[in-house]
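Participant: Take a look at the following structure, please.
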Amino acid sequence: MEKVEGYVGNYTVTIKKKPRYVDEDVCTGCGICVEKCPVLVVDDKFEAGIGYRKAIYWPFAQAVPNLPVLDPDTCTYYIGGKGGCKACEKFCPTVPNSILFDQKEQRVTLNVGNIILATGWDLFDARRIPQYGYGRLANVFTNLELERMCNAAGPTGGKVVLRDGQTAPRTVAIVHCVGSRDRNYNRHCSAICCMQSLKTAHLVKERTGAEVYNFYIDIRTPGKEYDEFYQRVLDDGVHFVRGKVAEVTDIPFDPAEASRNEAGTLYVQVEDTLAGLQRRIPVDMVVLSAGLEPRRDSAAVGKTFGIACSTSGWFIEKHAKMDPIATMTEGVFVAGCAGGPKDIPASVSQGAAAAARVLNYIRQGELALEPVRASVLEEQCSGCRICNGLCPFNAISFVEERKVTEINAALCQGCGTCVAACPAGAIQGSGFSNEQVMAQIEGLLRNFAREPEVV
Amino acid sequence: MSDRFEPVIIGFTCNWCSYRAADLAGTSRIKYPPNVRLIRLMCTGRLDPTFVLKAFSEGADGVLIAGCHPGECHYLEQNYKALRRYQLMTRTLAQFGIVPERLRLTWASAAEGARFAEEIATMVEEVRQVGPLNWPTRPVPRVEQASGGAA
């Protein structure tokens with residue numbers, strides 16, 4: 001998404017389409033190219049860094065369109081310098097050949113009436129908490145890595161194993177609230193991690209029979225059947241320790257501890273706040289439930305669409321309770337985690353609701369707007385352009401021919417900043433005009449005006 | 001009733017945050033001094049500095065401006081524009097001989113009813129310490145006695 005112009009019903013969106021290097025019209029998605037490609041690279045996107053993919057690959061199962069993508073950063077055709085292997089092109093059975101090595105970046109322009117922002121979230125980078133050892137200690141994993149591991153179609157075929165790819169862990173620690181509910185990183189609750197940690201605990205227990213410890217601040221299981229699942233995991237025999245983990249380390253406290261445990265054991269140091277004591281639990285594997293963060297570029301994306309981000313970085317809805325789908329820009333809606341951490345059922349409902357709202361607009365054909373809007377009295381406008389830079393919704397434009405400023409009523413949200421700024425009083429704010437506010441001031445103070453004291 | 005000085009304060013509040021905060025203070029039965037009279041604007045960005053001067057000239061002893069917390073403006077960043085104008089206003093008012101206690105800018109979210117009430121109480125106390133403004137007001141319009149009597 002490069003540029004958005006216009007207003008509700010008349011948006012022009014310019015999208016930069018990166019080359020796929022595969023002809024979408026011809027390719028049948030048979031996958032022979034993927035099979036024949038000799039380049040194997042670590043997939044740090046979908047497989048969270050614990051699996052591999054080819055240089056030409058499916059982004060993920062059930063992708064739409066379900067066609068392979070060629071990655072120019074790893075394909076030998078682009079990085080080899082000698083024209084590369086071209087195995088994909090050689091084995092492609094379609095006529096004409098689907099592999100297009102010289103496909104170029106395209107600009108696609110779309111005319112749309114409404115926009116739904118479903119930009120999702122970023123995973124908190126667990127490396128930012130060095131005392132938890134992610135990236136430094138081999139057997140410290142993130143929840144996303146475990147998620148791929150538990151998947152029967154994942155890189156381990158559904159087996160939960162340590163970083164060596166073979167050994168099943170005998171003890172596993174799951175650390176909740178990594179990077180969320182923490183004033184050093186994010187103050188918000190990521191909403192999904194409790195349930196997801198419980199799921200991980202359940203799956204690990206089921207697959208490996210390991211002793212599983214959950215380290216939590218609070219267990220938050222509001223939702224249909226959620227707390228029942230928590231009870232079930234308790235019945236599974238999973239241990240719950242209430243306390244924030246201080247440190248994960250592979251260094252034994254003293255020789256006695258070292259002799260009791262195998263080399264490579266990880267120690268989880270935690271204050272058990274229910275028992276009121278410090279505990280040091282030796283485990284084989286640590287899973288960090290990294291929290292949800294707003295997308296890194298959400299402030300810039302928000303600015304493009306004229307919507308604000310809250311202090312924690314999620315998009316602000318029109319009204320937190322009464323309208324959690326619409327935004328302050330007419331015709332722009334939010335769905336899913338773009339507006340704040342949510343689980344899957346909530347995201348699905350919000351997505352459906354946003355789609356219904358858009359359909360409603362399309363069916364109506366006409367739109368009723370809030371009456372609070374600003375308008376320019378052209379005969380008073382001197383064309384000084386002081387107001388031009390003030391509007392965050394790009395509702396103000398300058399008409400070169402007539403040398404006056406114009407306000408687009410569909411984009412204006414009625415904040416009144418331009419009304420206050422206009423030195424000529426040429427901008428009228430309906431409902432909050434200068435006369436109206438002045439009259440309010442006069443009215444409120446009429447009975448309180450004191451005669452000046454003569455000194 | 002004591003003869004303690006009761007200042008009159010005009011408060012400009014933003015529709016989305018501080019006006020709701022005042023509302024919340026009301027519905028939560030939180031008490032705050034009745035010296036403040038609130039005027040609702042859609043955004044503190046709407047606050048024309050002349051409104052403040054108008055309020056002082058009409059007899060207000062203090063003016064309170066209350067908007068959304070920085071970064072939480074309903075209109076993205078218009079409270080920053082209010083902040084800019086506030087900074088300029090304090091300098092202008094100082095040149096008129098109006099002490100800075102009389103103009104106060106504060107942030108209150110819709111959930112901060114209690115905080116908003118506290119803020120008002122603090123301001124009323126401060127303005128009470130400073131005393132009446134005694135800005136030369138325009139003559140108060142007097143209702144003429146109908147002379148000659150009705151027919």
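The way I read the labels, and the way they are meant: chains A, B, ... in the order of the structure tokens, residue 1 as the first residue of every chain, and ligand 1 as the first ligand shown, with later ones counted on from there.
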Within 9 Å of chain B, which residues of chain A show up when using only C-alpha atoms, listed as a ChimeraX atom specification?
Facilitator: /A:303,306-311,316-318,328,372,390-393,413-421,429,432,434,437-438,440-442,444-446,448-453
Participant: Which residues come within 6 Å of segment 215-232 of chain A, counting only C-alpha atoms, excluding same-chain residues fewer than 2 positions away, as an MDAnalysis selection string?
Facilitator: chainID A and resid 175:176 234:235 241:243
Participant: Among segment 417-449 of chain A, which residues carry a DSSP assignment of helix (DSSP H, G or I), reported as an MDAnalysis selection string?
Facilitator: chainID A and resid 417:421 434:448
Participant: Convert the current residue selection to file output with N, CA and C atoms, as a tab-separated table (two decimals), in the first residue's frame.
Facilitator:
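Final output, saved to again.tsv:
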chain	number	residue	atom	x	y	z
A	417	THR	N	-9.88	22.63	14.49
A	417	THR	CA	-8.56	23.25	14.63
A	417	THR	C	-8.34	24.35	13.58
A	418	CYS	N	-8.83	24.10	12.36
A	418	CYS	CA	-8.66	25.10	11.31
A	418	CYS	C	-9.52	26.32	11.58
A	419	VAL	N	-10.69	26.09	12.20
A	419	VAL	CA	-11.58	27.21	12.51
A	419	VAL	C	-10.89	28.15	13.48
A	420	ALA	N	-10.22	27.55	14.48
A	420	ALA	CA	-9.53	28.36	15.47
A	420	ALA	C	-8.32	29.05	14.87
A	421	ALA	N	-7.74	28.44	13.83
A	421	ALA	CA	-6.49	28.97	13.28
A	421	ALA	C	-6.73	30.09	12.28
A	434	ASN	N	-17.67	30.63	16.11
A	434	ASN	CA	-17.15	31.63	17.05
A	434	ASN	C	-18.28	32.30	17.82
A	435	GLU	N	-19.34	32.66	17.09
A	435	GLU	CA	-20.45	33.37	17.72
A	435	GLU	C	-21.08	32.50	18.81
A	436	GLN	N	-21.24	31.21	18.49
A	436	GLN	CA	-21.88	30.32	19.45
A	436	GLN	C	-21.05	30.17	20.72
A	437	VAL	N	-19.73	29.98	20.54
A	437	VAL	CA	-18.88	29.80	21.73
A	437	VAL	C	-18.80	31.09	22.52
A	438	MET	N	-18.66	32.22	21.80
A	438	MET	CA	-18.61	33.52	22.48
A	438	MET	C	-19.89	33.75	23.28
A	439	ALA	N	-21.02	33.39	22.67
A	439	ALA	CA	-22.31	33.57	23.35
A	439	ALA	C	-22.37	32.71	24.60
A	440	GLN	N	-21.79	31.51	24.51
A	440	GLN	CA	-21.77	30.64	25.69
A	440	GLN	C	-20.95	31.28	26.81
A	441	ILE	N	-19.79	31.85	26.43
A	441	ILE	CA	-18.92	32.47	27.44
A	441	ILE	C	-19.68	33.62	28.10
A	442	GLU	N	-20.30	34.45	27.24
A	442	GLU	CA	-21.04	35.59	27.78
A	442	GLU	C	-22.15	35.14	28.70
A	443	GLY	N	-22.88	34.13	28.24
A	443	GLY	CA	-24.02	33.64	29.01
A	443	GLY	C	-23.58	33.10	30.36
A	444	LEU	N	-22.47	32.35	30.35
A	444	LEU	CA	-22.02	31.74	31.60
A	444	LEU	C	-21.52	32.78	32.59
A	445	LEU	N	-21.00	33.91	32.06
A	445	LEU	CA	-20.38	34.88	32.95
A	445	LEU	C	-21.28	36.08	33.25
A	446	ARG	N	-22.44	36.14	32.61
A	446	ARG	CA	-23.29	37.33	32.74
A	446	ARG	C	-23.55	37.68	34.20
A	447	ASN	N	-23.89	36.68	34.99
A	447	ASN	CA	-24.29	36.96	36.36
A	447	ASN	C	-23.12	37.10	37.31
A	448	PHE	N	-21.91	36.93	36.78
A	448	PHE	CA	-20.77	36.96	37.69
A	448	PHE	C	-19.85	38.15	37.45
Participant: Which neighbours of Ala117 of chain B fall inside 8 Å, counting only C-alpha atoms, when residues of the same chain fewer than 6 positions from it are skipped, and could you give them as a list in words?
Facilitator: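 Contacts, with the query itself left out: Ala22, Ala25, Ile30, Lys31 and Tyr32 of chain B.
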Participant: Would you mind exporting C-alpha atoms of the selected residues as a compact mmCIF listing (two decimals), in the first residue's frame?
Facilitator:
# COMPACT_ATOMS: atom_id res chain seq x y z
CA ALA B 22 -16.52 15.61 33.89
CA ALA B 25 -17.23 12.62 37.81
CA ILE B 30 -17.58 12.83 42.85
CA LYS B 31 -17.68 16.32 44.29
CA TYR B 32 -15.77 19.21 42.83
Participant: Restricting the calculation to only C-alpha atoms, which member of B:Glu6, B:Ser28, B:Tyr80, B:Ala21 is positioned closest to Val130 of chain B?
Facilitator: B:Glu6
Participant: When you look at segment 339-344 of chain A with a cut-off of 6 Å (counting only C-alpha atoms), what residues show up, excluding the ones that are within fewer than 3 positions of it in the same chain? I need them as an MDAnalysis selection string.
Facilitator: chainID A and resid 190:192 314:315 347
Participant: Store the residues picked out above in a file with C-alpha atoms, as a compact mmCIF listing (two decimals), in the first residue's frame.
Facilitator:
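Okay, again-v6.txt is ready:
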# COMPACT_ATOMS: atom_id res chain seq x y z
CA SER A 190 -1.69 -9.62 25.04
CA ALA A 191 -5.00 -11.38 25.68
CA ILE A 192 -4.20 -14.63 23.92
CA TRP A 314 -2.92 0.03 18.43
CA PHE A 315 -5.32 1.84 16.08
CA SER A 347 -11.02 -11.35 15.34
Participant: Quick one: pull the distance between atom CA of Tyr78 of chain A and atom CA of Glu105 of chain A, Å, one decimal.
Facilitator: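 Interatomic distance, atom CA of Tyr78 of chain A to atom CA of Glu105 of chain A: 15.6 Å.
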Participant: Out of chain B, which residues get strand (DSSP E or B) from DSSP, as JSON, numbers by chain?
Facilitator: {"B": [9, 10, 11, 12, 13, 14, 36, 37, 38, 39, 40, 41, 62, 63, 64, 65, 66, 67, 73, 76, 103, 104, 105, 106, 107]}
Participant: Report as a PyMOL selection string all protein, DNA and RNA residues lying within 9 Å of segment 11-27 of chain A, evaluated on only C-alpha atoms, omitting residues in the same chain fewer than 4 positions from it.
Facilitator: chain A and resi 1-7+65+67-72+92+94-115+331
Participant: Could you list, as a ChimeraX atom specification, every residue within 9 Å of Pro371 of chain A, counting only C-alpha atoms and ignoring same-chain residues fewer than 2 positions away?
Facilitator: /A:368-369,373,414,430-431
Participant: Could you check how far atom CA of Arg148 of chain A sits from atom CA of Ala168 of chain A, in Å to one decimal?
Facilitator: 15.5 Å
Participant: Go through A:Ala395, A:Met322, A:Ile50, A:Val286 and flag the residue nearest Cys150 of chain A, using only C-alpha atoms for the distances.
Facilitator: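 Nearest candidate to Cys150 of chain A out of A:Ala395, A:Met322, A:Ile50, A:Val286: A:Ile50.
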Participant: With only C-alpha atoms as the atoms that count, which of B:Cys17, B:Leu83, B:Leu24, B:Ala94 lies nearest to His319 of chain A?
Facilitator: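 Checking each candidate against His319 of chain A, we get B:Cys17 as the closest.
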